[in-house]
Amino acid sequence: MSEVSDQNAAFTADLVRSHDFARYASTLFVPADKRRALLALYAFKVEIVRVREQVSQPLPGEIRLQWWTDMLAGAGHGDVSSNPVAAELLWAIGQHQLPADRLAKLIDTHIFDLYHDPMPDLTVLESHFADTSSTLLSLAARILGAPSEAADQVADHGGLAQGVAQVIALLPYDSARGQLFLPLDILTQHGSSAAEVFLGKPTPAIRAALDQLIEGARAQLATAQSLLPQVPAEARRAFLPLALVARDLDRMAMADTDPFAVYVPSRLRILWTLWRASRSKMFS
């Protein structure tokens with residue numbers, strides 16, 4: 001690599017390590033020659049998700065997201081190569097024939113994050129996960145191995161489980177800012193509401209709604225795990241983050257877990273979980 005490429009790769013690695021340590025840690029257990037492209041993909045995800053934190057109004061956020069959409073379409077504004085994440089992502093797309101349309105769809109889906117519209121129902125939430133979490137898993141598998149239908153199926157189911165775990169993990173932050181990613185239909189079914197969630201206090205109704213989501217996520221995860229042996233061996237480690245999802249869902253399902261209390265797992269625990277998973281037959 002050139003000096004500039006080295007700098008860009010180092011930048012993306014540091015970005016992912018700082019903002020998405022779990023995915024960063026998962027790249028430590030894949031072949032070294034695949035790590036740079038994975039980190040480029042994950043850094044792109046970090047940049048898209050961070051837009052919500054960087055703006056106070058939706059319109060500036062949409063403008064920032066549009067920059068990324070234009071970049072993927074080859075109509076970037078200014079010197080795209082001067083943005084290290086964009087440069088690394090374009091390199092990864094070229095190296096591994098990643099479909100730019102799926103990355104563009106991921107961007108479009110995250111426009112929802114900029115607004116305070118509640119998540120209306122489980123169907124819409126699952127569609128959101130399909131275009132975000134599942135897309136990342138699928139493209140990571142393409143980086144590690146050739147495209148396969150089996151990998152896409154594991155990504156579809158695993159992404160739904162991963163998405164639910166993430167929504168519940170972020171509940172303390174989202175409820176504090178008045179954003180609702182828990183589906184309203186599930187809350188209503190159990191006698192809860194957005195207003196009750198925004199109070200930030202666990203109630204039996206909220207607990208029941210979360211338990212239903214966790215049960216569904218566990219079923220999706222079990223399906224993903226059952227399909228994993230059909231994935232080409234070289235691509236299986238793209239799904240290592242699912243080992244963390246299993247652990248997180250177990251913790252979240254405990255009756256005494258306060259869903260509104262911020263929980264930050266130790267980096268050592270993350271590394272230990274991924275290391276153990278990497279040594280299992282499931283991921284090798």
# chains A, B, ... in the order shown; residues from 1 in each chain; ligands from 1
>>> select_by_dssp(residues="range 9-251 of chain A", states="alpha helix (DSSP H)", output="PyMOL selection string")
chain A and resi 9-19+21-26+32-54+58-72+84-96+100-109+122-130+133-144+149-169+171-176+184-189+194-198+204-227+241-251
>>> closest_atom_pairs(of="range 158-266 of chain A", to="range 107-129 of chain A", cutoff="6 Å", atoms="only C-alpha atoms", output="JSON lines")
{"residue": "A:Leu160", "atom": "CA", "partner": "A:Phe129", "partner_atom": "CA", "distance": 5.6}
{"residue": "A:Gly163", "atom": "CA", "partner": "A:Phe129", "partner_atom": "CA", "distance": 5.6}
{"residue": "A:Gln179", "atom": "CA", "partner": "A:His116", "partner_atom": "CA", "distance": 5.3}
{"residue": "A:Leu180", "atom": "CA", "partner": "A:Pro118", "partner_atom": "CA", "distance": 4.9}
{"residue": "A:Phe181", "atom": "CA", "partner": "A:Met119", "partner_atom": "CA", "distance": 5.1}
{"residue": "A:Pro183", "atom": "CA", "partner": "A:Asp121", "partner_atom": "CA", "distance": 4.4}
{"residue": "A:Leu184", "atom": "CA", "partner": "A:Pro120", "partner_atom": "CA", "distance": 5.1}
{"residue": "A:Asp185", "atom": "CA", "partner": "A:Asp121", "partner_atom": "CA", "distance": 5.0}
>>> residues_around(residues="range 216-232 of chain A", least_positions_apart="4", cutoff="7 Å", atoms="only C-alpha atoms", output="NGL selection string")
:A and (150-151 or 154 or 157-158 or 160-161 or 164 or 212 or 236 or 282)
>>> write_last_selection(atoms="C-alpha atoms", output="mmCIF file, in the first residue's frame")
data_model
loop_
_atom_site.group_PDB
_atom_site.id
_atom_site.type_symbol
_atom_site.label_atom_id
_atom_site.label_comp_id
_atom_site.auth_asym_id
_atom_site.auth_seq_id
_atom_site.Cartn_x
_atom_site.Cartn_y
_atom_site.Cartn_z
ATOM 1 C CA ALA A 150 -26.480 -19.756 2.376
ATOM 2 C CA ALA A 151 -24.498 -16.777 3.682
ATOM 3 C CA VAL A 154 -27.734 -16.588 7.677
ATOM 4 C CA HIS A 157 -31.906 -14.209 10.174
ATOM 5 C CA GLY A 158 -28.824 -13.182 12.125
ATOM 6 C CA LEU A 160 -32.811 -9.537 12.700
ATOM 7 C CA ALA A 161 -31.509 -10.964 15.972
ATOM 8 C CA VAL A 164 -33.207 -6.437 18.208
ATOM 9 C CA GLN A 212 -41.638 -10.893 23.101
ATOM 10 C CA ARG A 236 -18.263 -18.157 8.398
ATOM 11 C CA MET A 282 -19.542 -23.368 14.103
#
>>> closest_residue(among="A:Leu89, A:Ala235, A:Val16, A:Ile48", to="Ser138 in chain A", atoms="only C-alpha atoms")
A:Ala235
>>> closest_residue(among="A:Phe44, A:Tyr173, A:Trp67, A:Tyr24", to="Pro241 in chain A", atoms="only C-alpha atoms")
A:Tyr24
